[in-house]
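Below: the structure, in structure tokens.
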Amino acid sequence: MRIDIITVQPGLLEGPFSHSIMKRAQTKGLLEVHTHNLRDYSTLKHKQVDDYQFGGGAGMVMMLEPVVNAIETLQAKVQYDEVIYLTPDGETLNQQMANQLSLKGNLLMLCGHYKGIDERIRTHFVTKEISIGDYVLSGGELAAAVLVDAIGRLIPGVLNDETSALLDSFQDNLLAPPVYTRPEEFRGWKVPDVLMSGDHKKIDNWRHDQALERTKARRPDLL
Ligand code: ADE
């Protein structure tokens, strides 16, 4: 999968993909992430990318021309399955969306800043608008990083044990059951006996019951 990200803050996206699973996905050639500085696509003096909003009001708006220039330059080289705008008024990201997006070949992501982007970009170029939750970030970059991570780890071959992504919380609309590792006892706090029993049928049943209990208690809306 190839993901291109258009941003006014490329520095914010240097860290998240250089570590751990996202780094491994790229090293294995399963994921390519390219960031593009929007200012490089501005033809204006001082590489301007934002301007005052028509009708007045506080806050700048990301201008049409640099964004269109960036999108069309990239589209001339790559056929994108989706052009995604990260915005708090988009559809809220969930596991099902991440699953669907992980099956795509090429994604273009656009990070908003200031008061947002000129509405005409949303109307004419953006195919999907995604929010990572009901709160407002300073820009779309951290949201894009979250989205790339959620998608990237689902690409077949990225995780060592492919089944482990399938057992994540939310994959079957259940939260994940509790997990334990050594030591078997610490300060008198013991690991549940069933996990030490070696009876895999019993362990599977226990995990499912725990997942159900946890979901009922914490996220009944998922059931
Ligand atoms: N940009 C600012 N806040 C955001 C959010 N919650 N989700 C996606 N993009 C954003």
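Following the order of the structure tokens, first chain is A, next is B, and so on, with residues numbered from 1 inside each chain and ligands from 1 in the order they appear.
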Contacts with ligand 1 at most 7 Å, only C-alpha atoms and all ligand atoms counted, listed as a ChimeraX atom specification: /A:86-88,112,130-140,143
Write a file of the just-selected residues containing N, CA, C and O atoms, as an mmCIF file, in the first residue's frame.
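And here's again.cif as it stands now:
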data_model
loop_
_atom_site.group_PDB
_atom_site.id
_atom_site.type_symbol
_atom_site.label_atom_id
_atom_site.label_comp_id
_atom_site.auth_asym_id
_atom_site.auth_seq_id
_atom_site.Cartn_x
_atom_site.Cartn_y
_atom_site.Cartn_z
ATOM 1 N N LEU A 86 -8.683 14.746 6.764
ATOM 2 C CA LEU A 86 -8.790 14.556 8.207
ATOM 3 C C LEU A 86 -9.408 15.802 8.810
ATOM 4 O O LEU A 86 -8.848 16.898 8.680
ATOM 5 N N THR A 87 -10.555 15.650 9.441
ATOM 6 C CA THR A 87 -11.279 16.806 9.947
ATOM 7 C C THR A 87 -12.207 16.387 11.085
ATOM 8 O O THR A 87 -12.785 15.289 11.041
ATOM 9 N N PRO A 88 -12.352 17.237 12.118
ATOM 10 C CA PRO A 88 -13.211 16.851 13.240
ATOM 11 C C PRO A 88 -14.680 16.665 12.846
ATOM 12 O O PRO A 88 -15.423 16.008 13.569
ATOM 13 N N GLY A 112 -5.783 19.127 7.497
ATOM 14 C CA GLY A 112 -6.266 20.498 7.596
ATOM 15 C C GLY A 112 -5.509 21.257 8.667
ATOM 16 O O GLY A 112 -4.889 20.668 9.558
ATOM 17 N N ILE A 130 -12.615 11.982 7.457
ATOM 18 C CA ILE A 130 -12.489 11.150 8.661
ATOM 19 C C ILE A 130 -12.067 11.993 9.866
ATOM 20 O O ILE A 130 -11.151 12.810 9.781
ATOM 21 N N SER A 131 -12.747 11.742 10.987
ATOM 22 C CA SER A 131 -12.379 12.330 12.277
ATOM 23 C C SER A 131 -11.862 11.200 13.159
ATOM 24 O O SER A 131 -12.329 10.069 13.053
ATOM 25 N N ILE A 132 -10.897 11.485 14.033
ATOM 26 C CA ILE A 132 -10.458 10.417 14.943
ATOM 27 C C ILE A 132 -11.140 10.539 16.303
ATOM 28 O O ILE A 132 -10.847 9.781 17.214
ATOM 29 N N GLY A 133 -12.086 11.446 16.443
ATOM 30 C CA GLY A 133 -12.810 11.544 17.707
ATOM 31 C C GLY A 133 -13.379 12.927 17.892
ATOM 32 O O GLY A 133 -12.999 13.869 17.191
ATOM 33 N N ASP A 134 -14.287 13.039 18.850
ATOM 34 C CA ASP A 134 -14.986 14.303 19.068
ATOM 35 C C ASP A 134 -14.173 15.269 19.924
ATOM 36 O O ASP A 134 -14.541 15.567 21.063
ATOM 37 N N TYR A 135 -13.064 15.697 19.382
ATOM 38 C CA TYR A 135 -12.232 16.717 20.012
ATOM 39 C C TYR A 135 -11.453 17.368 18.885
ATOM 40 O O TYR A 135 -11.308 16.785 17.810
ATOM 41 N N VAL A 136 -10.963 18.572 19.129
ATOM 42 C CA VAL A 136 -10.300 19.294 18.043
ATOM 43 C C VAL A 136 -8.794 19.352 18.289
ATOM 44 O O VAL A 136 -8.340 19.788 19.343
ATOM 45 N N LEU A 137 -8.043 18.876 17.311
ATOM 46 C CA LEU A 137 -6.582 18.937 17.353
ATOM 47 C C LEU A 137 -6.128 20.212 16.645
ATOM 48 O O LEU A 137 -6.908 20.843 15.926
ATOM 49 N N SER A 138 -4.859 20.538 16.798
ATOM 50 C CA SER A 138 -4.338 21.754 16.153
ATOM 51 C C SER A 138 -4.256 21.596 14.643
ATOM 52 O O SER A 138 -4.182 22.573 13.915
ATOM 53 N N GLY A 139 -4.213 20.359 14.201
ATOM 54 C CA GLY A 139 -4.136 20.112 12.760
ATOM 55 C C GLY A 139 -4.418 18.649 12.500
ATOM 56 O O GLY A 139 -4.542 17.849 13.444
ATOM 57 N N GLY A 140 -4.500 18.278 11.235
ATOM 58 C CA GLY A 140 -4.857 16.898 10.891
ATOM 59 C C GLY A 140 -3.696 15.907 10.959
ATOM 60 O O GLY A 140 -3.892 14.708 10.786
ATOM 61 N N ALA A 143 -3.919 13.126 13.516
ATOM 62 C CA ALA A 143 -5.037 12.273 13.102
ATOM 63 C C ALA A 143 -4.596 11.372 11.946
ATOM 64 O O ALA A 143 -4.909 10.173 11.917
#
Within 9 Å of Leu108 in chain A using only C-alpha atoms, minus same-chain residues under 6 positions, as JSON, numbers by chain: {"A": [2, 3, 4, 5, 6, 71, 74, 75, 80, 81, 82, 83, 84, 85]}
Check which residues of range 69-118 of chain A sit at most 10 Å from range 163-174 of chain A using only C-alpha atoms, and return one row each with the closest pair of atoms and their distance in Å to one decimal, ordered by chain and rising number, as CSV.
residue,atom,partner,partner_atom,distance
A:Asn94,CA,A:Phe170,CA,8.4
A:Gln95,CA,A:Phe170,CA,6.2
A:Gln96,CA,A:Gln171,CA,7.6
A:Asn99,CA,A:Gln171,CA,8.9
Go ahead and write the residues just picked, N, CA, C and O atoms, as a PDB file, in the first residue's frame.
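Below is the file selection-v1.pdb, written as the result:
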ATOM      1  N   ASN A  94     -13.445   4.071  13.008  1.00  0.00           N
ATOM      2  CA  ASN A  94     -13.610   2.876  13.836  1.00  0.00           C
ATOM      3  C   ASN A  94     -12.875   1.714  13.169  1.00  0.00           C
ATOM      4  O   ASN A  94     -12.298   1.873  12.089  1.00  0.00           O
ATOM      5  N   GLN A  95     -12.889   0.568  13.837  1.00  0.00           N
ATOM      6  CA  GLN A  95     -12.099  -0.566  13.342  1.00  0.00           C
ATOM      7  C   GLN A  95     -12.571  -1.033  11.969  1.00  0.00           C
ATOM      8  O   GLN A  95     -11.763  -1.388  11.115  1.00  0.00           O
ATOM      9  N   GLN A  96     -13.880  -0.991  11.770  1.00  0.00           N
ATOM     10  CA  GLN A  96     -14.422  -1.434  10.478  1.00  0.00           C
ATOM     11  C   GLN A  96     -13.898  -0.563   9.329  1.00  0.00           C
ATOM     12  O   GLN A  96     -13.530  -1.064   8.258  1.00  0.00           O
ATOM     13  N   ASN A  99     -10.339  -1.513   8.727  1.00  0.00           N
ATOM     14  CA  ASN A  99     -10.292  -2.790   7.986  1.00  0.00           C
ATOM     15  C   ASN A  99     -10.503  -2.540   6.501  1.00  0.00           C
ATOM     16  O   ASN A  99      -9.762  -3.050   5.661  1.00  0.00           O
TER      17      ASN A  99
END
Members of range 3-37 of chain A assigned helix (DSSP H, G or I) by DSSP, as JSON, numbers by chain: {"A": [10, 11, 12, 13, 20, 21, 22, 23, 24, 25, 26, 27]}
Distance criterion (only C-alpha atoms): nearest to Leu103 in chain A out of A:Gly29, A:Gly90, A:Gly152, A:Pro220: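 Answer, going by the shortest atom-to-atom distance: A:Gly152.
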